[in-house]
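Coordinates as given in start01.txt (compact mmCIF, C-alpha atoms (C1' of nucleotides)):
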```txt
# COMPACT_ATOMS: atom_id res chain seq x y z
CA MET A 1 -11.91 -6.69 -15.44
CA VAL A 2 -12.95 -9.57 -17.67
CA LEU A 3 -16.10 -9.96 -19.76
CA ALA A 4 -18.32 -12.83 -18.67
CA HIS A 5 -20.00 -12.90 -22.09
CA PRO A 6 -17.86 -11.27 -24.79
CA GLU A 7 -19.95 -13.00 -27.45
CA LEU A 8 -22.95 -10.93 -26.39
CA VAL A 9 -21.29 -7.56 -27.02
CA PRO A 10 -23.41 -5.76 -29.68
CA THR A 11 -21.91 -5.28 -33.13
CA ALA A 12 -22.98 -2.85 -35.85
CA ASP A 13 -23.18 -5.45 -38.64
CA LEU A 14 -26.39 -7.10 -37.47
CA ASP A 15 -29.74 -6.81 -39.23
CA ARG A 16 -32.95 -6.37 -37.24
CA ASP A 17 -33.58 -10.11 -36.86
CA ALA A 18 -30.07 -10.74 -35.58
CA MET A 19 -30.44 -7.86 -33.12
CA ASN A 20 -33.69 -9.35 -31.86
CA ARG A 21 -32.08 -12.78 -31.48
CA LEU A 22 -29.19 -11.30 -29.50
CA GLN A 23 -31.59 -9.46 -27.21
CA ARG A 24 -33.53 -12.68 -26.70
CA VAL A 25 -30.35 -14.45 -25.55
CA VAL A 26 -29.47 -11.53 -23.28
CA ALA A 27 -32.95 -11.63 -21.72
CA GLU A 28 -32.71 -15.40 -21.18
CA THR A 29 -29.27 -15.06 -19.59
CA ALA A 30 -30.27 -12.25 -17.24
CA ILE A 31 -31.11 -13.10 -13.63
CA VAL A 32 -34.06 -11.05 -12.42
CA ALA A 33 -33.63 -11.79 -8.72
CA ASP A 34 -31.38 -10.70 -5.86
CA GLU A 35 -28.41 -12.95 -6.53
CA GLY A 36 -25.09 -11.24 -5.94
CA VAL A 37 -26.37 -7.74 -5.32
CA PRO A 38 -25.62 -6.11 -1.93
CA ALA A 39 -28.69 -6.19 0.34
CA THR A 40 -28.08 -2.60 1.39
CA ILE A 41 -25.83 0.23 0.20
CA ASP A 42 -23.47 0.75 3.13
CA ALA A 43 -19.98 2.28 3.34
CA ARG A 44 -18.31 -0.96 2.21
CA VAL A 45 -20.24 -1.09 -1.08
CA THR A 46 -18.91 0.36 -4.33
CA VAL A 47 -21.60 1.70 -6.65
CA ALA A 48 -20.70 2.88 -10.14
CA GLY A 49 -22.67 4.86 -12.68
CA VAL A 50 -22.18 4.92 -16.45
CA ASP A 51 -23.52 7.34 -19.07
CA GLN A 52 -22.80 8.55 -22.59
CA ALA A 53 -22.57 11.89 -24.36
CA PHE A 54 -22.08 12.53 -28.08
CA SER A 55 -20.03 14.81 -30.24
CA ASP A 56 -20.43 14.90 -34.02
CA GLU A 57 -18.12 11.98 -34.59
CA ALA A 58 -17.88 10.04 -31.35
CA VAL A 59 -19.68 8.50 -28.41
CA VAL A 60 -18.04 9.38 -25.12
CA SER A 61 -18.74 7.05 -22.22
CA ALA A 62 -17.86 7.81 -18.62
CA ALA A 63 -17.98 5.53 -15.58
CA VAL A 64 -17.71 6.87 -12.05
CA ALA A 65 -17.34 4.66 -8.97
CA LEU A 66 -18.44 5.86 -5.51
CA ARG A 67 -18.04 4.51 -2.01
CA ALA A 68 -19.86 6.04 0.96
CA GLY A 69 -21.22 8.64 -1.43
CA GLU A 70 -17.80 9.87 -2.52
CA PRO A 71 -16.26 9.34 -5.98
CA ILE A 72 -13.17 7.12 -5.80
CA ASP A 73 -12.52 6.33 -9.46
CA ARG A 74 -13.57 7.41 -12.95
CA THR A 75 -12.82 6.56 -16.55
CA VAL A 76 -13.69 8.16 -19.89
CA VAL A 77 -13.50 6.43 -23.28
CA ARG A 78 -14.21 7.60 -26.84
CA ARG A 79 -15.50 5.31 -29.56
CA PRO A 80 -16.72 5.99 -33.10
CA ILE A 81 -20.49 6.23 -33.60
CA VAL A 82 -21.57 3.08 -35.40
CA LEU A 83 -25.35 3.35 -35.39
CA PRO A 84 -28.11 5.94 -35.09
CA TYR A 85 -30.45 5.87 -32.10
CA ILE A 86 -33.24 3.36 -32.67
CA PRO A 87 -35.88 3.02 -29.92
CA GLY A 88 -35.61 -0.50 -28.48
CA TYR A 89 -32.03 -0.97 -29.70
CA LEU A 90 -30.13 1.59 -27.66
CA SER A 91 -27.56 -0.96 -26.49
CA PHE A 92 -26.29 -1.52 -30.04
CA ARG A 93 -25.31 2.16 -30.13
CA GLU A 94 -24.10 2.68 -26.57
CA ALA A 95 -23.32 -0.62 -24.81
CA PRO A 96 -19.88 -1.27 -26.38
CA ALA A 97 -18.56 2.07 -25.13
CA SER A 98 -20.27 1.57 -21.75
CA VAL A 99 -18.61 -1.80 -21.27
CA ASP A 100 -15.21 -0.32 -22.12
CA ALA A 101 -15.70 2.52 -19.64
CA VAL A 102 -16.71 0.20 -16.79
CA THR A 103 -13.91 -2.22 -17.62
CA GLY A 104 -11.48 0.68 -17.26
CA LEU A 105 -12.31 1.11 -13.57
CA SER A 106 -9.65 -0.22 -11.17
CA ASP A 107 -12.11 -2.41 -9.31
CA ARG A 108 -15.27 -4.28 -10.22
CA PRO A 109 -18.22 -2.34 -8.72
CA ASP A 110 -20.67 -4.18 -6.47
CA LEU A 111 -23.54 -2.46 -8.29
CA LEU A 112 -23.75 -0.57 -11.56
CA VAL A 113 -26.41 2.06 -12.28
CA VAL A 114 -27.10 2.53 -15.99
CA ASP A 115 -28.82 5.43 -17.76
CA GLY A 116 -31.64 3.63 -19.60
CA ASN A 117 -33.90 0.62 -19.09
CA GLY A 118 -33.29 -2.97 -18.08
CA LEU A 119 -36.30 -5.31 -17.94
CA LEU A 120 -38.54 -2.38 -18.86
CA HIS A 121 -38.03 -3.09 -22.55
CA PRO A 122 -40.13 -4.68 -25.37
CA ARG A 123 -38.00 -7.84 -25.19
CA GLY A 124 -36.76 -7.53 -21.61
CA ALA A 125 -33.25 -6.65 -22.73
CA GLY A 126 -32.59 -2.94 -22.32
CA ILE A 127 -29.05 -1.54 -22.08
CA ALA A 128 -28.88 -2.06 -18.30
CA THR A 129 -29.64 -5.75 -18.77
CA HIS A 130 -27.26 -6.06 -21.71
CA VAL A 131 -24.29 -4.41 -19.96
CA GLY A 132 -24.98 -6.32 -16.74
CA VAL A 133 -25.01 -9.69 -18.48
CA ILE A 134 -21.86 -9.00 -20.51
CA LEU A 135 -19.94 -8.05 -17.35
CA ASP A 136 -21.95 -10.25 -14.96
CA ILE A 137 -22.29 -7.34 -12.55
CA PRO A 138 -25.56 -6.49 -10.75
CA THR A 139 -27.16 -3.61 -12.65
CA VAL A 140 -30.21 -1.37 -12.36
CA GLY A 141 -31.63 0.79 -15.14
CA VAL A 142 -32.89 4.34 -14.61
CA ALA A 143 -34.75 6.07 -17.46
CA LYS A 144 -36.18 9.58 -17.54
CA SER A 145 -39.15 8.71 -19.74
CA LEU A 146 -41.31 5.65 -20.33
CA LEU A 147 -40.35 3.44 -23.29
CA CYS A 148 -43.14 0.85 -23.02
CA GLY A 149 -45.42 -0.85 -20.55
CA ARG A 150 -48.32 0.59 -18.59
CA LEU A 151 -48.52 2.37 -15.27
CA ASP A 152 -50.43 0.13 -12.85
CA GLY A 153 -51.61 2.76 -10.42
CA PRO A 154 -52.29 6.47 -10.02
CA GLU A 155 -50.87 9.03 -12.43
CA PRO A 156 -48.30 11.62 -11.30
CA PRO A 157 -47.77 13.85 -9.45
CA TYR A 158 -46.47 11.73 -6.56
CA GLU A 159 -44.87 12.48 -3.21
CA THR A 160 -41.18 11.77 -2.73
CA GLY A 161 -40.54 8.07 -2.19
CA THR A 162 -43.63 6.90 -4.09
CA ARG A 163 -43.22 3.80 -6.29
CA VAL A 164 -45.91 2.75 -8.79
CA PRO A 165 -45.56 -0.54 -10.73
CA ILE A 166 -45.07 -0.57 -14.50
CA VAL A 167 -46.52 -3.75 -15.99
CA ALA A 168 -45.96 -5.41 -19.36
CA THR A 169 -48.62 -4.92 -22.02
CA ASP A 170 -49.80 -7.69 -24.36
CA ASP A 171 -47.71 -6.41 -27.26
CA MET A 172 -44.49 -7.17 -25.41
CA ALA A 173 -42.46 -10.38 -25.35
CA LEU A 174 -42.96 -10.65 -21.59
CA PRO A 175 -45.83 -12.02 -19.45
CA SER A 176 -48.63 -9.49 -19.86
CA GLY A 177 -49.40 -7.83 -16.54
CA SER A 178 -46.11 -8.80 -14.88
CA THR A 179 -44.20 -6.05 -13.05
CA ILE A 180 -41.22 -4.98 -15.15
CA GLY A 181 -40.25 -1.83 -13.27
CA TYR A 182 -41.47 1.09 -11.21
CA ALA A 183 -42.17 4.78 -11.69
CA VAL A 184 -40.20 6.22 -8.75
CA GLN A 185 -40.51 9.70 -7.34
CA THR A 186 -36.94 10.34 -6.23
CA ARG A 187 -37.51 14.02 -5.54
CA GLN A 188 -40.42 16.45 -5.49
CA TRP A 189 -41.04 20.15 -4.94
CA ASP A 190 -43.25 21.00 -2.02
CA THR A 191 -45.29 23.41 -4.10
CA PRO A 192 -48.68 22.48 -5.66
CA ASP A 193 -48.10 24.31 -8.94
CA ARG A 194 -44.94 22.75 -10.32
CA HIS A 195 -43.75 19.13 -10.24
CA ILE A 196 -40.79 16.90 -11.01
CA ASN A 197 -41.40 13.84 -13.19
CA PRO A 198 -40.71 10.40 -11.72
CA VAL A 199 -37.87 8.24 -13.07
CA TYR A 200 -38.48 4.73 -14.40
CA VAL A 201 -36.47 2.09 -12.56
CA SER A 202 -36.06 -1.51 -13.68
CA PRO A 203 -33.79 -4.43 -12.86
CA GLY A 204 -30.88 -5.08 -15.20
CA HIS A 205 -29.08 -8.21 -13.99
CA ARG A 206 -28.91 -10.04 -10.62
CA VAL A 207 -31.42 -7.64 -9.03
CA SER A 208 -35.15 -7.86 -8.31
CA PRO A 209 -37.46 -5.01 -9.36
CA GLU A 210 -38.02 -4.07 -5.72
CA THR A 211 -34.35 -4.03 -4.73
CA ALA A 212 -33.60 -1.98 -7.85
CA VAL A 213 -35.91 0.72 -6.49
CA ASP A 214 -34.44 0.48 -2.96
CA HIS A 215 -30.92 0.97 -4.28
CA VAL A 216 -31.86 3.86 -6.54
CA LEU A 217 -33.52 5.63 -3.61
CA ALA A 218 -30.41 4.91 -1.54
CA THR A 219 -28.16 6.67 -4.05
CA VAL A 220 -30.20 9.70 -5.17
CA ALA A 221 -28.71 11.99 -2.51
CA GLY A 222 -31.65 14.37 -2.62
CA ARG A 223 -31.57 14.83 -6.39
CA LYS A 224 -33.73 13.44 -9.19
CA LEU A 225 -31.10 11.02 -10.55
CA PRO A 226 -28.77 8.69 -8.64
CA GLU A 227 -25.45 10.42 -7.86
CA PRO A 228 -23.40 7.83 -9.80
CA ILE A 229 -25.36 8.65 -12.97
CA ARG A 230 -25.18 12.39 -12.39
CA LEU A 231 -21.43 12.30 -12.07
CA ALA A 232 -21.03 10.01 -15.07
CA ASP A 233 -23.33 12.25 -17.12
CA ARG A 234 -21.28 15.31 -16.20
CA ALA A 235 -17.94 13.62 -16.90
CA ALA A 236 -19.11 12.36 -20.30
CA GLY A 237 -20.60 15.71 -21.24
CA GLU A 238 -17.47 17.66 -20.39
CA ALA A 239 -15.28 15.21 -22.28
CA ALA A 240 -17.55 15.26 -25.33
CA ARG A 241 -17.36 19.05 -25.62
CA SER A 242 -13.68 19.68 -25.04
CA GLY A 243 -11.53 17.76 -27.53
CA LEU A 244 -8.67 17.72 -25.00
CA HIS A 245 -8.85 14.05 -24.31
CA ARG A 246 -7.40 12.18 -27.27
C1' DG B 1 -52.42 3.21 -42.26
C1' DC B 2 -51.62 5.73 -37.51
C1' DG B 3 -49.32 6.65 -33.37
C1' DA B 4 -45.45 5.61 -30.00
C1' DC B 5 -40.79 5.63 -29.37
C1' DA B 6 -34.86 4.70 -23.37
C1' DG B 7 -30.82 8.05 -25.33
C1' DA C 1 -28.62 12.63 -27.19
C1' DT C 2 -28.09 17.76 -28.91
C1' DC C 3 -29.28 22.74 -30.35
C1' DT C 4 -29.76 27.11 -26.27
C1' DT C 5 -31.76 32.40 -22.83
C1' DG C 6 -34.46 33.51 -19.98
C1' DT C 7 -37.39 32.59 -16.37
C1' DC C 8 -40.28 30.74 -12.60
C1' DG C 9 -40.04 29.34 -7.78
C1' DC C 10 -37.80 27.81 -3.53
```
Go ahead and render the structure in this file as structure tokens.
Amino acid sequence: MVLAHPELVPTADLDRDAMNRLQRVVAETAIVADEGVPATIDARVTVAGVDQAFSDEAVVSAAVALRAGEPIDRTVVRRPIVLPYIPGYLSFREAPASVDAVTGLSDRPDLLVVDGNGLLHPRGAGIATHVGVILDIPTVGVAKSLLCGRLDGPEPPYETGTRVPIVATDDMALPSGSTIGYAVQTRQWDTPDRHINPVYVSPGHRVSPETAVDHVLATVAGRKLPEPIRLADRAAGEAARSGLHR
DNA sequence: GCGACAG
DNA sequence: ATCTTGTCGC
């Protein structure tokens, strides 16, 4: 698997201005529309998930590819930790390992689900966007908490299947009021006393905000997170704990 | 200066 | 992300 934009891979030697400039280029290169993404997730479509776990000295990234809901391929890579976590700059810490993990898959996935945001980012260049542009693969971002933006609709709790727009605020480098993602209730208890939080879905590359939600709902398999991400999360976590993989 | 802040 | 047991509810 080749990199469409190797020059956009994050490096650890950049200062804040250089990081912002790189994210600006990534955002400009990203296609926020359905161009290349499968219209529906059927049995002929390969969907992959990628996620990272950390040990004291390394970032472990795992990518798992599924077809018809069943895992058909997986890769795990270890890379040294080069940066601390900085809100808004997650890709500089995790994208290099993510790209290596996805590149290790036998076949290029038709869609990649990333743990983190895409367009739903201060500069429209979250890790889902960054990884998607580098590989030129359709990507969607799924985050478990809200990084920025404002909910344009009712507050939780929601019923399963509910999608509420997240719009850009005026402090972001995106058109204020534009839809940058959705709060999506992928699963919910049927009891009035306890609830499950929604996930925050946004387009990464070559996907529209609406299709990003459709595809996440098509891959959740009754759980809170899409199955590709769950499996990648589990694979990375297991590898990070047991040092049996060097 | 204060509060917010993906993983 | 990670450190960690029990506990509430289906």
(request) Grab the CA of Ala58 in chain A to CA of Pro80 in chain A distance for me, in Å with one decimal place. (result) 4.6 Å
(request) Using only C-alpha atoms (C1' of nucleotides), determine which residues of chain B fall within 7 Å of chain A; present them as a ChimeraX atom specification. (result) /B:5-7
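Going from CA of Ile180 in chain A over to CA of His205 in chain A, you cover 12.6 Å.
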(request) Do me a favour and pick out the residues of chain C within 10 Å of chain A, using all atoms listed in the file, as a VMD selection string. (result) chain C and resid 1 to 2 8 to 10
(message) Using all atoms listed in the file, which protein or nucleic acid residues come within 10 Å of Leu151 in chain A? Drop anything in the same chain fewer than 3 positions from it, and give the result as a list in words.
(response) Leu146, Cys148, Pro154, Glu155, Val164, Pro165, Ile166, Val167, Ala168, Thr169, Thr179, Gly181, Tyr182 and Ala183 of chain A
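Here the question is which of A:Glu210, A:Thr46, A:Val140, A:Phe92 gets nearest to Leu14 in chain A using only C-alpha atoms, and that residue is A:Phe92.
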(request) Name the residues within 8 Å of (-19.4, 0.9, -19.9), counting all atoms listed in the file in the file's coordinates, and put them as a PyMOL selection string. (result) chain A and resi 50-51+61-63+95-103+131
For range 72-77 of chain A, I'd like the enclosing box, axis-aligned and padded by 3 Å on every side, reported as JSON with centre and edge lengths in Å to one decimal.
```
{"center_x": -13.1, "center_y": 7.2, "center_z": -14.5, "size_x": 7.2, "size_y": 7.8, "size_z": 23.5}
```
(request) Record the distance separating CA of Val26 in chain A and CA of Leu3 in chain A, expressed in Å with one decimal. (result) 13.9 Å
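Residues with any atom within 9 Å of Leu225 in chain A, counting all atoms listed in the file and excluding same-chain neighbours fewer than 4 positions away, are A:Val142, A:Lys144, A:Thr186, A:Arg187, A:Val199, A:Val216, A:Thr219, A:Val220, A:Ala221, A:Ile229, A:Arg230.
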Residue subset to file, keeping C-alpha atoms, as a short mmCIF file (atom, residue, chain, number, x, y, z; two decimals), keeping the file's coordinate frame:
```cif
data_model
loop_
_atom_site.label_atom_id
_atom_site.label_comp_id
_atom_site.auth_asym_id
_atom_site.auth_seq_id
_atom_site.Cartn_x
_atom_site.Cartn_y
_atom_site.Cartn_z
CA VAL A 142 -32.89 4.34 -14.61
CA LYS A 144 -36.18 9.58 -17.54
CA THR A 186 -36.94 10.34 -6.23
CA ARG A 187 -37.51 14.02 -5.54
CA VAL A 199 -37.87 8.24 -13.07
CA VAL A 216 -31.86 3.86 -6.54
CA THR A 219 -28.16 6.67 -4.05
CA VAL A 220 -30.20 9.70 -5.17
CA ALA A 221 -28.71 11.99 -2.51
CA ILE A 229 -25.36 8.65 -12.97
CA ARG A 230 -25.18 12.39 -12.39
#
```
Might you pull out every residue within 9 Å of Leu111 in chain A, with all atoms listed in the file counted and same-chain residues fewer than 3 positions away left off, and present them as a PDB file with C-alpha atoms, keeping the file's coordinate frame?
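After the write, part.pdb holds the following:
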```pdb
ATOM      1  CA  VAL A  37     -26.370  -7.740  -5.320  1.00  0.00           C
ATOM      2  CA  PRO A  38     -25.620  -6.110  -1.930  1.00  0.00           C
ATOM      3  CA  VAL A  45     -20.240  -1.090  -1.080  1.00  0.00           C
ATOM      4  CA  THR A  46     -18.910   0.360  -4.330  1.00  0.00           C
ATOM      5  CA  VAL A  47     -21.600   1.700  -6.650  1.00  0.00           C
ATOM      6  CA  ALA A  48     -20.700   2.880 -10.140  1.00  0.00           C
ATOM      7  CA  GLY A  49     -22.670   4.860 -12.680  1.00  0.00           C
ATOM      8  CA  ARG A 108     -15.270  -4.280 -10.220  1.00  0.00           C
ATOM      9  CA  ILE A 137     -22.290  -7.340 -12.550  1.00  0.00           C
ATOM     10  CA  PRO A 138     -25.560  -6.490 -10.750  1.00  0.00           C
ATOM     11  CA  THR A 139     -27.160  -3.610 -12.650  1.00  0.00           C
ATOM     12  CA  VAL A 140     -30.210  -1.370 -12.360  1.00  0.00           C
TER      13      VAL A 140
END
```
